[in-house]
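Asker: Got my_file-v2.cif for you, mmCIF, C-alpha atoms and all ligand atoms:
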data_work
loop_
_atom_site.label_atom_id
_atom_site.label_comp_id
_atom_site.auth_asym_id
_atom_site.auth_seq_id
_atom_site.Cartn_x
_atom_site.Cartn_y
_atom_site.Cartn_z
CA MET A 738 23.28 18.39 -62.16
CA LYS A 739 21.80 21.19 -64.23
CA VAL A 740 24.11 23.41 -66.27
CA THR A 741 24.00 26.93 -64.79
CA ILE A 742 25.23 30.35 -65.82
CA ASN A 743 28.28 29.68 -63.61
CA ASP A 744 29.23 26.79 -65.91
CA PHE A 745 29.00 29.21 -68.85
CA PHE A 746 31.48 31.62 -67.21
CA LYS A 747 33.73 28.76 -66.10
CA LYS A 748 33.90 27.33 -69.60
CA LYS A 749 34.94 30.69 -71.03
CA GLN A 750 37.58 31.18 -68.32
CA GLU A 751 38.99 27.68 -68.80
CA GLY A 752 38.86 27.79 -72.58
CA HIS A 753 36.26 25.05 -72.99
CA LYS A 754 33.58 25.41 -75.67
CA ILE A 755 29.91 25.80 -74.79
CA THR A 756 27.54 23.67 -76.90
CA MET A 757 23.98 24.71 -77.67
CA LEU A 758 21.30 23.33 -79.99
CA THR A 759 17.65 24.14 -80.49
CA ALA A 760 14.82 21.73 -79.65
CA TYR A 761 11.09 22.32 -79.66
CA ASP A 762 9.55 19.20 -78.15
CA TYR A 763 10.08 16.33 -75.71
CA PRO A 764 11.70 13.65 -77.90
CA PHE A 765 14.25 15.94 -79.53
CA ALA A 766 15.05 17.70 -76.25
CA GLN A 767 15.62 14.29 -74.66
CA ILE A 768 18.13 13.35 -77.36
CA VAL A 769 19.95 16.69 -77.09
CA ASP A 770 20.08 16.41 -73.30
CA GLU A 771 21.30 12.81 -73.36
CA ALA A 772 24.05 13.79 -75.83
CA GLY A 773 25.41 16.18 -73.21
CA ILE A 774 24.74 19.49 -74.96
CA ASP A 775 25.07 22.33 -72.42
CA ALA A 776 22.01 24.37 -73.33
CA ILE A 777 18.81 23.83 -75.30
CA LEU A 778 17.41 26.89 -77.02
CA VAL A 779 13.68 26.76 -77.61
CA GLY A 780 14.11 29.05 -80.60
CA ASP A 781 11.43 31.02 -82.36
CA SER A 782 13.05 29.37 -85.40
CA LEU A 783 10.28 26.85 -84.77
CA ALA A 784 8.30 29.21 -87.01
CA MET A 785 10.26 27.93 -90.01
CA VAL A 786 11.19 24.37 -89.06
CA VAL A 787 8.05 23.29 -87.16
CA GLN A 788 5.25 25.63 -88.23
CA GLY A 789 6.18 25.96 -91.91
CA LEU A 790 6.18 29.78 -91.88
CA ASP A 791 8.50 32.06 -93.91
CA ASN A 792 9.84 34.06 -90.95
CA THR A 793 9.74 34.16 -87.15
CA LEU A 794 7.52 37.21 -86.74
CA PRO A 795 4.10 35.53 -86.23
CA VAL A 796 5.18 33.31 -83.31
CA THR A 797 3.18 34.01 -80.13
CA MET A 798 3.97 33.88 -76.41
CA GLU A 799 1.46 31.05 -75.94
CA GLU A 800 3.18 28.96 -78.61
CA MET A 801 6.62 29.57 -77.08
CA ILE A 802 5.34 28.68 -73.60
CA TYR A 803 3.81 25.46 -74.96
CA HIS A 804 7.04 24.36 -76.63
CA THR A 805 9.25 25.44 -73.72
CA ARG A 806 7.17 23.29 -71.35
CA MET A 807 7.72 20.20 -73.48
CA VAL A 808 11.46 20.83 -73.66
CA SER A 809 11.79 21.53 -69.92
CA ARG A 810 10.25 18.15 -69.10
CA ALA A 811 13.04 16.42 -71.05
CA ALA A 812 16.05 18.51 -70.01
CA LYS A 813 17.63 16.79 -67.00
CA ARG A 814 21.07 18.38 -67.39
CA ALA A 815 20.92 21.01 -70.14
CA MET A 816 20.02 24.62 -69.37
CA VAL A 817 16.72 25.51 -71.07
CA VAL A 818 16.74 28.91 -72.76
CA ALA A 819 13.42 30.28 -74.04
CA ASP A 820 13.55 32.58 -77.05
CA MET A 821 11.27 35.59 -76.57
CA PRO A 822 9.02 36.05 -79.61
CA TYR A 823 8.64 39.22 -81.62
CA LEU A 824 6.82 42.00 -79.73
CA SER A 825 6.92 40.20 -76.37
CA TYR A 826 9.77 42.42 -75.08
CA GLN A 827 10.11 45.42 -77.42
CA VAL A 828 7.05 47.42 -76.29
CA SER A 829 7.93 48.18 -72.66
CA ILE A 830 10.12 47.12 -69.78
CA GLU A 831 7.03 45.99 -67.91
CA GLU A 832 5.89 43.67 -70.72
CA ALA A 833 9.42 42.36 -71.14
CA ILE A 834 9.70 41.38 -67.46
CA ARG A 835 6.20 39.91 -67.30
CA ASN A 836 6.67 37.82 -70.46
CA ALA A 837 10.21 36.71 -69.60
CA GLY A 838 9.03 35.77 -66.13
CA ARG A 839 6.37 33.48 -67.58
CA PHE A 840 9.05 31.32 -69.21
CA ILE A 841 10.72 30.84 -65.83
CA LYS A 842 7.59 30.58 -63.72
CA GLU A 843 5.21 28.66 -66.00
CA ALA A 844 7.43 26.85 -68.50
CA GLY A 845 10.49 25.67 -66.54
CA ALA A 846 13.15 27.66 -68.43
CA GLN A 847 16.32 28.79 -66.65
CA ALA A 848 16.99 31.74 -68.97
CA VAL A 849 15.54 33.74 -71.85
CA LYS A 850 17.02 35.16 -75.04
CA ILE A 851 16.14 38.41 -76.79
CA GLU A 852 17.34 39.93 -80.06
CA GLY A 853 18.82 43.39 -80.46
CA GLY A 854 21.63 45.73 -79.48
CA ARG A 855 21.64 48.98 -77.48
CA GLU A 856 17.91 49.46 -78.15
CA VAL A 857 17.08 46.53 -75.85
CA ALA A 858 19.78 47.14 -73.21
CA ASP A 859 17.21 48.65 -70.83
CA LYS A 860 15.08 45.48 -71.14
CA VAL A 861 18.10 43.25 -70.48
CA GLU A 862 18.91 45.27 -67.37
CA ALA A 863 15.33 45.17 -66.06
CA MET A 864 14.92 41.44 -66.66
CA THR A 865 18.26 40.71 -65.00
CA LYS A 866 17.21 42.79 -61.99
CA ALA A 867 14.03 40.70 -61.85
CA GLU A 868 16.30 37.62 -61.44
CA ILE A 869 15.82 36.41 -65.02
CA PRO A 870 19.11 35.39 -66.70
CA VAL A 871 19.25 36.85 -70.22
CA ILE A 872 21.18 35.84 -73.34
CA ALA A 873 21.52 38.67 -75.85
CA HIS A 874 21.59 38.13 -79.63
CA ILE A 875 23.16 40.51 -82.16
CA GLY A 876 24.29 40.49 -85.79
CA LEU A 877 21.71 38.88 -88.05
CA THR A 878 18.61 39.09 -85.88
CA PRO A 879 15.77 37.34 -87.75
CA GLN A 880 13.00 39.36 -86.07
CA ALA A 881 14.50 42.40 -87.87
CA VAL A 882 14.20 40.76 -91.30
CA HIS A 883 12.20 43.65 -92.78
CA ARG A 884 14.61 46.31 -91.49
CA MET A 885 17.63 44.34 -92.71
CA GLY A 886 15.95 43.74 -96.09
CA GLY A 887 16.49 39.98 -95.89
CA TYR A 888 18.75 37.53 -94.09
CA LYS A 889 22.18 39.05 -94.72
CA VAL A 890 25.60 38.86 -93.07
CA GLN A 891 25.93 41.84 -90.69
CA GLY A 892 28.89 43.92 -89.50
CA ARG A 893 30.76 43.92 -92.79
CA THR A 894 31.61 47.63 -92.91
CA GLU A 895 33.94 49.27 -90.39
CA ASP A 896 31.08 51.37 -88.98
CA ALA A 897 28.74 48.40 -88.66
CA ALA A 898 31.45 46.34 -86.98
CA LYS A 899 32.23 49.14 -84.51
CA ARG A 900 28.55 49.49 -83.69
CA LEU A 901 28.16 45.73 -83.04
CA LEU A 902 31.19 45.76 -80.74
CA GLU A 903 29.67 48.68 -78.81
CA ASP A 904 26.29 46.91 -78.67
CA ALA A 905 27.93 43.77 -77.27
CA LYS A 906 29.62 45.77 -74.48
CA MET A 907 26.39 47.61 -73.65
CA LEU A 908 24.50 44.31 -73.40
CA GLN A 909 27.20 42.88 -71.14
CA ASP A 910 27.04 46.01 -68.95
CA ALA A 911 23.24 45.66 -68.86
CA GLY A 912 23.68 42.22 -67.30
CA ALA A 913 23.41 39.69 -70.17
CA PHE A 914 25.25 36.53 -69.09
CA SER A 915 26.04 35.45 -72.66
CA ILE A 916 25.59 36.75 -76.19
CA ILE A 917 24.75 35.02 -79.45
CA LEU A 918 26.58 36.35 -82.51
CA GLU A 919 24.77 35.45 -85.73
CA ALA A 920 26.13 35.77 -89.28
CA ILE A 921 29.02 38.20 -88.74
CA PRO A 922 32.61 37.97 -90.00
CA ALA A 923 34.83 35.59 -87.99
CA GLY A 924 37.36 38.35 -87.27
CA LEU A 925 34.72 40.60 -85.73
CA ALA A 926 33.37 37.70 -83.65
CA LEU A 927 36.91 37.08 -82.37
CA GLN A 928 37.30 40.74 -81.41
CA ILE A 929 33.96 40.74 -79.55
CA THR A 930 34.84 37.44 -77.85
CA GLU A 931 38.17 38.85 -76.64
CA ASP A 932 36.68 42.17 -75.50
CA LEU A 933 33.87 40.64 -73.43
CA THR A 934 34.05 38.79 -70.13
CA ILE A 935 30.74 36.99 -70.85
CA PRO A 936 30.84 34.05 -73.29
CA THR A 937 29.92 34.48 -76.94
CA ILE A 938 27.95 31.78 -78.76
CA GLY A 939 28.36 31.79 -82.52
CA ILE A 940 26.09 30.80 -85.40
CA GLY A 941 27.68 31.74 -88.67
CA ALA A 942 30.27 33.71 -86.70
CA GLY A 943 33.38 31.60 -87.22
CA ALA A 944 35.40 29.35 -84.95
CA TYR A 945 36.62 31.81 -82.31
CA CYS A 946 33.43 32.18 -80.26
CA ASN A 947 33.24 30.63 -76.80
CA GLY A 948 30.47 28.31 -78.00
CA GLN A 949 28.31 27.34 -80.95
CA VAL A 950 24.58 27.00 -81.61
CA LEU A 951 22.64 25.55 -84.56
CA VAL A 952 19.03 24.71 -85.39
CA ILE A 953 18.55 20.98 -84.79
CA HIS A 954 16.48 20.44 -87.94
CA ASP A 955 19.43 21.78 -89.95
CA VAL A 956 21.93 19.56 -88.13
CA LEU A 957 19.84 16.41 -88.61
CA GLY A 958 18.79 17.07 -92.20
CA LEU A 959 15.12 17.67 -91.48
CA PHE A 960 14.79 21.09 -93.09
CA GLU A 961 15.58 21.58 -96.74
CA ARG A 962 13.70 24.70 -97.91
CA PHE A 963 17.09 26.43 -97.68
CA VAL A 964 20.39 25.60 -96.00
CA PRO A 965 22.48 28.59 -94.84
CA LYS A 966 26.22 28.49 -95.54
CA PHE A 967 26.97 28.23 -91.81
CA VAL A 968 25.05 24.97 -91.40
CA LYS A 969 26.73 21.59 -91.33
CA ARG A 970 24.48 18.57 -91.77
CA TYR A 971 25.49 15.68 -89.51
CA ALA A 972 22.66 13.34 -90.54
CA ASN A 973 19.96 12.85 -93.14
CA LEU A 974 16.96 12.06 -90.98
CA LYS A 975 14.53 13.13 -93.68
CA GLY A 976 16.03 10.46 -95.96
CA ASP A 977 15.97 7.85 -93.19
CA ALA A 978 12.36 8.69 -92.34
CA LEU A 979 11.33 8.52 -96.00
CA ASP A 980 12.93 5.08 -96.39
CA ALA A 981 11.22 3.78 -93.24
CA ILE A 982 7.80 5.15 -94.16
CA ARG A 983 8.01 3.87 -97.75
CA GLN A 984 8.90 0.42 -96.41
CA TYR A 985 5.96 0.49 -93.99
CA LYS A 986 3.62 1.52 -96.82
CA GLU A 987 4.89 -1.27 -99.06
CA GLU A 988 4.58 -3.92 -96.34
CA VAL A 989 1.02 -2.88 -95.50
CA GLU A 990 0.05 -2.88 -99.16
CA LYS A 991 1.62 -6.30 -99.74
CA GLY A 992 0.12 -7.80 -96.59
CA LEU A 993 3.55 -8.31 -94.97
CA PHE A 994 2.72 -6.12 -91.96
CA PRO A 995 1.41 -6.96 -89.46
CA GLY A 996 3.03 -10.39 -89.26
CA LYS A 997 2.58 -13.13 -86.68
CA GLU A 998 4.85 -11.30 -84.17
CA GLN A 999 2.61 -8.23 -84.19
CA SER A 1000 -0.63 -10.22 -83.93
CA PHE A 1001 -2.57 -11.47 -80.86
O1 LIG B 1 15.49 30.81 -83.01
C1 LIG B 1 16.63 30.31 -83.06
O2 LIG B 1 16.82 29.10 -83.32
C2 LIG B 1 17.78 31.18 -82.79
C3 LIG B 1 19.15 30.61 -82.96
C4 LIG B 1 19.41 30.25 -84.37
C5 LIG B 1 20.20 31.50 -82.41
O3 LIG B 1 17.58 32.31 -82.45
NA NA B 2 15.41 33.05 -82.60
#
Let me see whether you can do it: turn the structure in this file into structure tokens.

Answerer:
Amino acid sequence: MKVTINDFFKKKQEGHKITMLTAYDYPFAQIVDEAGIDAILVGDSLAMVVQGLDNTLPVTMEEMIYHTRMVSRAAKRAMVVADMPYLSYQVSIEEAIRNAGRFIKEAGAQAVKIEGGREVADKVEAMTKAEIPVIAHIGLTPQAVHRMGGYKVQGRTEDAAKRLLEDAKMLQDAGAFSIILEAIPAGLALQITEDLTIPTIGIGAGAYCNGQVLVIHDVLGLFERFVPKFVKRYANLKGDALDAIRQYKEEVEKGLFPGKEQSF
């Protein structure tokens, strides 16, 4: 049975944690789904970990649709959440609904995610009214990298913290069914989590959120250009892949592969 937004609310009410990880293609989504993770985020972080770009801004709708389709085919149980790319929802309510709807209608997602606070509350409301479940995302919002002047922890001053708390409430009132809190102090994340009825999902937001999300390439040790403080590496797949590929190379060069078993 697919995880639904009702399971999100139930987990918060019953004090169970919601688990979320990114995936961008069929094999990784299959692994995440089989592991029992509640939701797969097809993040625009694919810009950095799949496309080799420096930030998420260039990612297009067509690219996100392509990746979301691959993930949807693999997700038997996990909810698939499509991340809306930069400029696909900021321009107008009409564009926001049309683009969000494509993820549901053409790519098999069950929900979308958008970045921003009060300035996108009208979009959240309109998408929700169009029957598209929306996850909000505040704090460090990577699409705002130029405004923020880099990837920095947000909500550190009293004013900034108060504003984020207000934003979170406005997004909840607008109809968001969950909210991602990225790179904010743990105490502020706790306050937001306690003040909201919808579940909070943290990334670099401490242990008190209702759930957690990370980028799968960070978790598996497949991305090493930089590792944020909030990442924990649970595997070293880059190292494992290197060992395997070096062994293959050596065996081919020495005439050890293919052997009799691989020959007709
Ligand atoms: O794109 C992404 O992977 C994200 C998560 C890190 C929240 O937005
Ligand atoms: Na993102």

Asker: Per residue of chain A within 6 Å of ligand LIG 1 (chain B), record the nearest atom pair and its distance in Å to one decimal, counting only C-alpha atoms and all ligand atoms, with rows in chain order and ascending residue number, as a Markdown table.

Answerer:
| residue | atom | partner | partner_atom | distance |
| --- | --- | --- | --- | --- |
| A:Thr759 | CA | B:LIG1 | O2 | 5.8 |
| A:Gly780 | CA | B:LIG1 | O1 | 3.3 |
| A:Asp781 | CA | B:LIG1 | O1 | 4.1 |
| A:Ser782 | CA | B:LIG1 | O1 | 3.7 |
| A:Leu951 | CA | B:LIG1 | C4 | 5.7 |
| A:Val952 | CA | B:LIG1 | O2 | 5.3 |

Asker: Considering all atoms listed in the file, state which residue in the set A:Leu778, A:Ile841, A:Val857, A:Val808 is at the smallest distance from Ala911 (chain A).

Answerer: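 Once distances to Ala911 (chain A) are computed over all atoms listed in the file, the minimum belongs to A:Val857.
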
Asker: So, counting all atoms listed in the file, which residue among A:Val950, A:Ile830, A:Met807, A:Ala812 is closest to ligand NA 2 (chain B)?

Answerer: A:Val950

Asker: Using all atoms listed in the file, which protein or nucleic acid residues are at most 9 Å from ligand NA 2 (chain B), as a ChimeraX atom specification?

Answerer: /A:778-783,793,820-822,850-852,874,878-880

Asker: Compile the contact shell of Phe963 (chain A) as an NGL selection string: residues with an atom at most 12 Å away, counting only C-alpha atoms, same-chain residues fewer than 5 positions apart removed.

Answerer: :A and (785-786 or 791 or 888 or 954-955 or 958 or 968)

Asker: How would the residues just picked look written out with C-alpha atoms as a PDB file, in the frame of the given file?

Answerer:
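Done, and the output landed in selection.pdb:
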ATOM      1  CA  MET A 785      10.260  27.930 -90.010  1.00  0.00           C
ATOM      2  CA  VAL A 786      11.190  24.370 -89.060  1.00  0.00           C
ATOM      3  CA  ASP A 791       8.500  32.060 -93.910  1.00  0.00           C
ATOM      4  CA  TYR A 888      18.750  37.530 -94.090  1.00  0.00           C
ATOM      5  CA  HIS A 954      16.480  20.440 -87.940  1.00  0.00           C
ATOM      6  CA  ASP A 955      19.430  21.780 -89.950  1.00  0.00           C
ATOM      7  CA  GLY A 958      18.790  17.070 -92.200  1.00  0.00           C
ATOM      8  CA  VAL A 968      25.050  24.970 -91.400  1.00  0.00           C
TER       9      VAL A 968
END

Asker: Mind pulling up the distance from CA of Gly924 (chain A) to CA of Gly939 (chain A)?

Answerer: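 Between CA of Gly939 (chain A) and CA of Gly924 (chain A) the gap is 12.1 Å.
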
Asker: From the set A:Pro936, A:Leu927, A:Tyr763, A:Val849, which residue has the shortest atom-to-atom contact distance to Asp744 (chain A), counting all atoms listed in the file?

Answerer: A:Pro936

Asker: For CA of Ile940 (chain A) and CA of Ala873 (chain A), determine how far apart the two atoms are, in Å to one decimal place.

Answerer: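 A separation of 13.2 Å between them.
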
Asker: Go through A:Ala760, A:Met738, A:Val989, A:Ala815 one by one, measure the shortest atom-to-atom distance of each to Ala772 (chain A) using all atoms listed in the file, and give the residue with the smallest value.

Answerer: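 When distances to Ala772 (chain A) are compared using all atoms listed in the file, the smallest one comes from A:Ala815.
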
Asker: Would you work out the distance separating CA of Ile869 (chain A) from CA of Ala766 (chain A), expressed in Å to one decimal?

Answerer: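 The value is 21.8 Å.
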
Asker: Find the spatial neighbours of Phe967 (chain A), counting only C-alpha atoms, within a cut-off of 10 Å - ignore same-chain residues fewer than 6 positions away - and output them as a ChimeraX atom specification.

Answerer: /A:919-920,940-943,951

Asker: Assuming 3 Å of padding per side, give the centre and edge lengths of the axis-aligned box around every listed atom of region 970-974 of chain A, in Å to one decimal and as JSON.

Answerer:
{"center_x": 21.2, "center_y": 15.3, "center_z": -91.3, "size_x": 14.5, "size_y": 12.5, "size_z": 9.6}

Asker: Using only C-alpha atoms for the distances, tell me which of A:Ala881, A:Val890, A:Val964, A:Val871 is nearest to Gln909 (chain A).

Answerer: A:Val871

Asker: Which is closer to Leu957 (chain A) than all the others in A:Arg893, A:Lys969, A:Lys991, A:Arg806, using all atoms listed in the file?

Answerer: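 Of A:Arg893, A:Lys969, A:Lys991, A:Arg806, the one nearest Leu957 (chain A), counting all atoms listed in the file, is A:Lys969.
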
Asker: I'd like the contact shell of Thr756 (chain A) - 7 Å cut-off, all atoms listed in the file, skipping same-chain residues fewer than 3 positions apart - returned as a PyMOL selection string.

Answerer: chain A and resi 774-776+948-950
